[in-house]
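S.K.: Just passing along the structure, written as structure tokens.
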Amino acid sequence: MSRLMALAVVVLAPLPLGSTGQIWICIWCALMAASLVTANLDGVGREDVRLLMPLLATLAIVAAVTVVQEWRDPPFALGNPVWQTPSKWLELQVPGRVSTTVSGPWLAIGYPLLLAMVFIRAFAFSTDASSARRLLLILAWAGCAYAIYGILAEISDPNGLLSRRKEAYLGYATGTFVNRNTAAIFWGSSAVLFLVPLLRFAHRRDRPDAPASPRLSDRITFYSSAPAALGIGFAICLIATAMTGSRAGLLLSICAFLLACALYVAPLPLGKLRRWGLAAGTAAVALLILQLVGGAVAGRIGTYGLIDEQRFNAYERSIAIIRGYPLLGIGWGNFEATFPAYRTAELGSLGIWDRAHSTPLELAAELGLPAAGLIVACSLWYIYLLLRSSLRRKRDRYIPIIGISVAVLGLVHSCIDFSLQIPGFGIFFAAIVGCGLAQAIPSELRKERGKFE
């Protein structure tokens, strides 16, 4: 039951329009907390706990920053000037705070807590290699199911979005997401889940073992992990990614494919000529994919180019906010409330900038540079561990390769957009990366060090 609750959260999170509503974050938090409390931790060893310590320490420090942001009349820092307005114009005595709003930080902290719980639960689930393989297979086909829906929905009702009408991105596939860029990264990550096992099959030529028992679940696992099924799943997710028309989404997904191929081939004992031949062939295939399925994306690149001037203006305004509040920020979740005061004429009057379209910049603006830097450092540390395991691990090396490929795809895209801030993708992302990180520890080391008591 504990595993079913966790899987339900990860698989169903993209369904209700990406779970952007606060009510869905509360529901997923409750289910994931129940799953963690009832989880079987027999497979978690001391090395696993040490591996999770940077995440837990980062969460504790960020929680402390959030408390300070909500502190009334902080004695050690100047409050936000916005709290002086009532006393100046209305002659009302209002306690000052670092945060621009009273409720912003408390409402914003729920989603990062949910991501951390998903990450830890997927990590605990995946300390066993067979469980990690099953989890990645389930996530792959869940992503494929959403891709099939997105393709069919775009063909049958291009102006519909589940039970309502589309307000934006007409003519492009978004699936159950409102934003096409998030949908593109979601399906690109799903394609990686199919591609890397395909590489493993092409190299080792090992087909999945036939089910030893007549159970339906074993037969489903056998057929869904067959090379033909993996190839079909990859093609479906790739087509759905291209149908979003997202420039960064498709290009970064192809880069993630190339990264996965490079990491898989790098440790193999190949000759120099064969290695260069594989590199050239992979690059040619990537260009062919872009030409065959990226027509809409290529058209948008030809029309609008690769650079969005409005986003660069928004980045400049976000940097201005950071310069004004470098240590403790404006309060978590307060970007939308603060940005209008910094908005310039270059951004025009159309649209509401409720996000910075760059997660690192938004974190620095809301939490301050020290806390944002700590989050970035923790992420880079885990990226390093995944990279090292992708090159050194002997068995099931494809699992950390999937982890780092999806991690790089999501993190790089979040630097120019807000895909990780959408729970429907963020939960999916955290589960994949947590699974890959759990297999960054060699099985021999986990057995030698013993269980956690």
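Going through the structure tokens in order, the chains are called A, B, and so on, while each chain numbers its residues from 1 and the ligands are numbered from 1 in the order shown.
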Quick one: DSSP strand (DSSP E or B) residues in range 135-239 of chain A, as a PyMOL selection string?
M.R.: chain A and resi 160-161+164-165
S.K.: Enumerate the residues of range 38-271 of chain A with a DSSP assignment of helix (DSSP H, G or I), computed from the backbone, and present them as a ChimeraX atom specification.
M.R.: /A:46-70,81-90,104-108,110-125,129-156,180-204,216-224,227-243,247-265
S.K.: Just want the 9 Å neighbourhood of range 99-116 of chain A, counted on only C-alpha atoms, with same-chain residues fewer than 4 positions away dropped. Output as a PyMOL selection string.
M.R.: chain A and resi 22+25-26+28-29+32-33+55-56+59+63+66-71+79-83+120-121+328-334+337-338+366+421+423+426-427+429-431
S.K.: Any idea what the distance is between CA of Ala202 in chain A and CA of Gly231 in chain A?
M.R.: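 CA of Ala202 in chain A sits 11.4 Å away from CA of Gly231 in chain A.
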S.K.: Might you pull out every residue within 8 Å of Ile383 in chain A, with only C-alpha atoms counted and same-chain residues fewer than 2 positions away left off, and present them as a list of chain:residue names?
M.R.: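 These residues fall inside the cut-off: A:Ser379, A:Leu380, A:Trp381, A:Leu385, A:Leu386, A:Leu387, A:Ile404, A:Ala407, A:Val408.
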S.K.: I need the chosen residues saved as a compact mmCIF listing (two decimals), in the first residue's frame, with N, CA, C and O atoms.
M.R.:
```txt
# COMPACT_ATOMS: atom_id res chain seq x y z
N SER A 379 22.33 20.67 -5.75
CA SER A 379 21.97 20.08 -7.05
C SER A 379 23.22 19.66 -7.83
O SER A 379 23.25 18.57 -8.41
N LEU A 380 24.23 20.52 -7.84
CA LEU A 380 25.45 20.19 -8.57
C LEU A 380 26.18 19.00 -7.94
O LEU A 380 26.80 18.19 -8.65
N TRP A 381 26.13 18.87 -6.63
CA TRP A 381 26.75 17.74 -5.96
C TRP A 381 26.10 16.43 -6.39
O TRP A 381 26.78 15.44 -6.68
N LEU A 385 27.62 13.14 -8.48
CA LEU A 385 27.51 11.75 -8.06
C LEU A 385 26.88 10.89 -9.15
O LEU A 385 27.31 9.75 -9.39
N LEU A 386 25.86 11.42 -9.82
CA LEU A 386 25.24 10.67 -10.91
C LEU A 386 26.21 10.49 -12.08
O LEU A 386 26.26 9.41 -12.69
N LEU A 387 26.98 11.53 -12.37
CA LEU A 387 27.95 11.44 -13.47
C LEU A 387 29.02 10.40 -13.15
O LEU A 387 29.38 9.57 -14.00
N ILE A 404 20.93 11.13 -14.58
CA ILE A 404 21.66 12.36 -14.89
C ILE A 404 21.14 13.00 -16.18
O ILE A 404 21.09 14.24 -16.29
N ALA A 407 18.01 14.75 -15.17
CA ALA A 407 18.37 15.84 -14.26
C ALA A 407 18.93 17.03 -15.03
O ALA A 407 18.53 18.18 -14.80
N VAL A 408 19.84 16.78 -15.94
CA VAL A 408 20.43 17.87 -16.73
C VAL A 408 19.36 18.51 -17.61
O VAL A 408 19.30 19.75 -17.73
```
S.K.: Ala124 in chain A: which residues within 10 Å, counting only C-alpha atoms, same-chain residues fewer than 5 positions away excluded, as a ChimeraX atom specification?
M.R.: /A:36,39-45,48-49,118-119,131-132,434-435,438
S.K.: Now that the selection is made, can you save its residues with all heavy atoms as a CSV table (one decimal), in the first residue's frame?
M.R.:
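Heads up, here's the output in out-v2.csv:
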```
chain,number,residue,atom,x,y,z
A,36,LEU,N,5.6,7.6,3.1
A,36,LEU,CA,6.9,7.7,3.8
A,36,LEU,C,6.8,7.1,5.2
A,36,LEU,O,7.7,6.3,5.6
A,36,LEU,CB,7.4,9.1,3.9
A,36,LEU,CG,8.2,9.6,2.6
A,36,LEU,CD1,8.5,11.1,2.8
A,36,LEU,CD2,9.5,8.9,2.4
A,39,ALA,N,6.6,3.3,4.9
A,39,ALA,CA,7.6,2.7,4.0
A,39,ALA,C,8.4,1.6,4.7
A,39,ALA,O,8.7,1.8,5.9
A,39,ALA,CB,8.4,3.7,3.3
A,40,ASN,N,8.8,0.6,4.0
A,40,ASN,CA,9.7,-0.4,4.5
A,40,ASN,C,11.1,0.1,4.2
A,40,ASN,O,11.5,0.1,3.0
A,40,ASN,CB,9.4,-1.8,3.9
A,40,ASN,CG,10.4,-2.9,4.4
A,40,ASN,OD1,11.2,-2.6,5.2
A,40,ASN,ND2,10.2,-4.1,3.9
A,41,LEU,N,11.9,0.4,5.2
A,41,LEU,CA,13.2,0.9,5.1
A,41,LEU,C,14.3,-0.1,5.3
A,41,LEU,O,15.5,0.3,5.6
A,41,LEU,CB,13.4,2.1,6.0
A,41,LEU,CG,12.5,3.3,5.8
A,41,LEU,CD1,12.8,4.4,6.8
A,41,LEU,CD2,12.5,3.8,4.4
A,42,ASP,N,14.0,-1.4,5.2
A,42,ASP,CA,15.0,-2.4,5.4
A,42,ASP,C,16.2,-2.3,4.4
A,42,ASP,O,17.3,-2.7,4.7
A,42,ASP,CB,14.4,-3.8,5.3
A,42,ASP,CG,13.5,-4.1,6.5
A,42,ASP,OD1,13.6,-3.4,7.6
A,42,ASP,OD2,12.6,-5.0,6.5
A,43,GLY,N,15.9,-1.8,3.2
A,43,GLY,CA,17.0,-1.8,2.2
A,43,GLY,C,17.8,-0.5,2.3
A,43,GLY,O,18.7,-0.3,1.5
A,44,VAL,N,17.5,0.4,3.2
A,44,VAL,CA,18.2,1.7,3.3
A,44,VAL,C,19.4,1.5,4.2
A,44,VAL,O,19.3,1.1,5.4
A,44,VAL,CB,17.3,2.8,3.8
A,44,VAL,CG1,18.1,4.1,4.0
A,44,VAL,CG2,16.1,3.0,2.9
A,45,GLY,N,20.6,1.7,3.7
A,45,GLY,CA,21.8,1.6,4.5
A,45,GLY,C,22.4,2.9,5.0
A,45,GLY,O,21.9,4.0,4.7
A,48,ASP,N,23.3,5.3,2.2
A,48,ASP,CA,22.1,5.9,1.7
A,48,ASP,C,21.7,7.2,2.5
A,48,ASP,O,21.4,8.2,1.9
A,48,ASP,CB,20.9,5.0,1.6
A,48,ASP,CG,21.2,3.8,0.7
A,48,ASP,OD1,21.7,3.9,-0.4
A,48,ASP,OD2,20.9,2.6,1.2
A,49,VAL,N,21.8,7.0,3.8
A,49,VAL,CA,21.5,8.1,4.7
A,49,VAL,C,22.5,9.3,4.5
A,49,VAL,O,22.1,10.4,4.4
A,49,VAL,CB,21.4,7.7,6.1
A,49,VAL,CG1,21.2,8.9,7.1
A,49,VAL,CG2,20.3,6.6,6.3
A,118,VAL,N,9.0,13.2,-2.4
A,118,VAL,CA,9.0,12.3,-3.6
A,118,VAL,C,10.4,11.8,-3.9
A,118,VAL,O,10.6,10.6,-4.2
A,118,VAL,CB,8.4,13.0,-4.8
A,118,VAL,CG1,8.6,12.2,-6.1
A,118,VAL,CG2,6.9,13.4,-4.6
A,119,PHE,N,11.4,12.7,-3.8
A,119,PHE,CA,12.8,12.3,-4.0
A,119,PHE,C,13.2,11.2,-3.0
A,119,PHE,O,13.8,10.2,-3.4
A,119,PHE,CB,13.6,13.6,-3.9
A,119,PHE,CG,15.1,13.4,-4.2
A,119,PHE,CD1,15.5,13.6,-5.5
A,119,PHE,CD2,16.0,13.0,-3.3
A,119,PHE,CE1,16.9,13.4,-5.8
A,119,PHE,CE2,17.3,12.8,-3.6
A,119,PHE,CZ,17.8,13.0,-4.9
A,131,SER,N,13.8,-3.1,-8.1
A,131,SER,CA,12.7,-2.2,-7.8
A,131,SER,C,12.9,-0.9,-8.6
A,131,SER,O,12.0,-0.3,-9.1
A,131,SER,CB,12.6,-1.8,-6.3
A,131,SER,OG,12.3,-3.0,-5.6
A,132,ALA,N,14.2,-0.5,-8.8
A,132,ALA,CA,14.5,0.7,-9.5
A,132,ALA,C,14.1,0.5,-11.0
A,132,ALA,O,13.6,1.4,-11.7
A,132,ALA,CB,16.0,1.0,-9.4
A,434,GLY,N,15.7,10.7,-8.1
A,434,GLY,CA,15.9,10.0,-6.8
A,434,GLY,C,16.2,8.5,-7.1
A,434,GLY,O,17.1,7.9,-6.4
A,435,CYS,N,15.6,7.9,-8.1
A,435,CYS,CA,15.8,6.6,-8.5
A,435,CYS,C,17.2,6.4,-9.0
A,435,CYS,O,18.0,5.5,-8.6
A,435,CYS,CB,14.8,6.1,-9.5
A,435,CYS,SG,15.1,4.5,-10.2
A,438,ALA,N,19.8,6.7,-6.1
A,438,ALA,CA,19.9,5.5,-5.2
A,438,ALA,C,20.8,4.4,-5.8
A,438,ALA,O,21.4,3.7,-5.1
A,438,ALA,CB,18.5,4.9,-5.1
```
S.K.: From the set A:Leu347, A:Ala13, A:Ala266, A:Ala372, which residue has the shortest atom-to-atom contact distance to Pro326 in chain A, counting only C-alpha atoms?
M.R.: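 So, comparing all the options, the nearest one is A:Ala372.
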S.K.: With only C-alpha atoms as the atoms that count, which of A:Gly324, A:Gly96, A:Gly175, A:Pro400 lies nearest to Ile151 in chain A?
M.R.: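 Residue with the minimum atom-to-atom distance to Ile151 in chain A: A:Gly175.
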S.K.: Write out as a list in words which residues come within 8 Å of Val94 in chain A when counting only C-alpha atoms, dropping same-chain ones fewer than 5 positions away.
M.R.: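 Listed by chain and then number, they are Trp83, Gln84, Pro86 and Ser87 of chain A.
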S.K.: Output N, CA and C atoms for every residue in the selection just made, as an mmCIF file, in the first residue's frame.
M.R.:
```
data_model
loop_
_atom_site.group_PDB
_atom_site.id
_atom_site.type_symbol
_atom_site.label_atom_id
_atom_site.label_comp_id
_atom_site.auth_asym_id
_atom_site.auth_seq_id
_atom_site.Cartn_x
_atom_site.Cartn_y
_atom_site.Cartn_z
ATOM 1 N N TRP A 83 6.117 47.553 4.018
ATOM 2 C CA TRP A 83 5.365 47.571 5.281
ATOM 3 C C TRP A 83 5.331 48.962 5.905
ATOM 4 N N GLN A 84 6.099 49.922 5.381
ATOM 5 C CA GLN A 84 6.046 51.290 5.878
ATOM 6 C C GLN A 84 4.911 52.096 5.253
ATOM 7 N N PRO A 86 1.501 51.500 5.098
ATOM 8 C CA PRO A 86 0.313 51.757 5.919
ATOM 9 C C PRO A 86 0.535 52.835 6.982
ATOM 10 N N SER A 87 1.710 52.817 7.634
ATOM 11 C CA SER A 87 1.962 53.815 8.667
ATOM 12 C C SER A 87 2.171 55.207 8.075
#
```
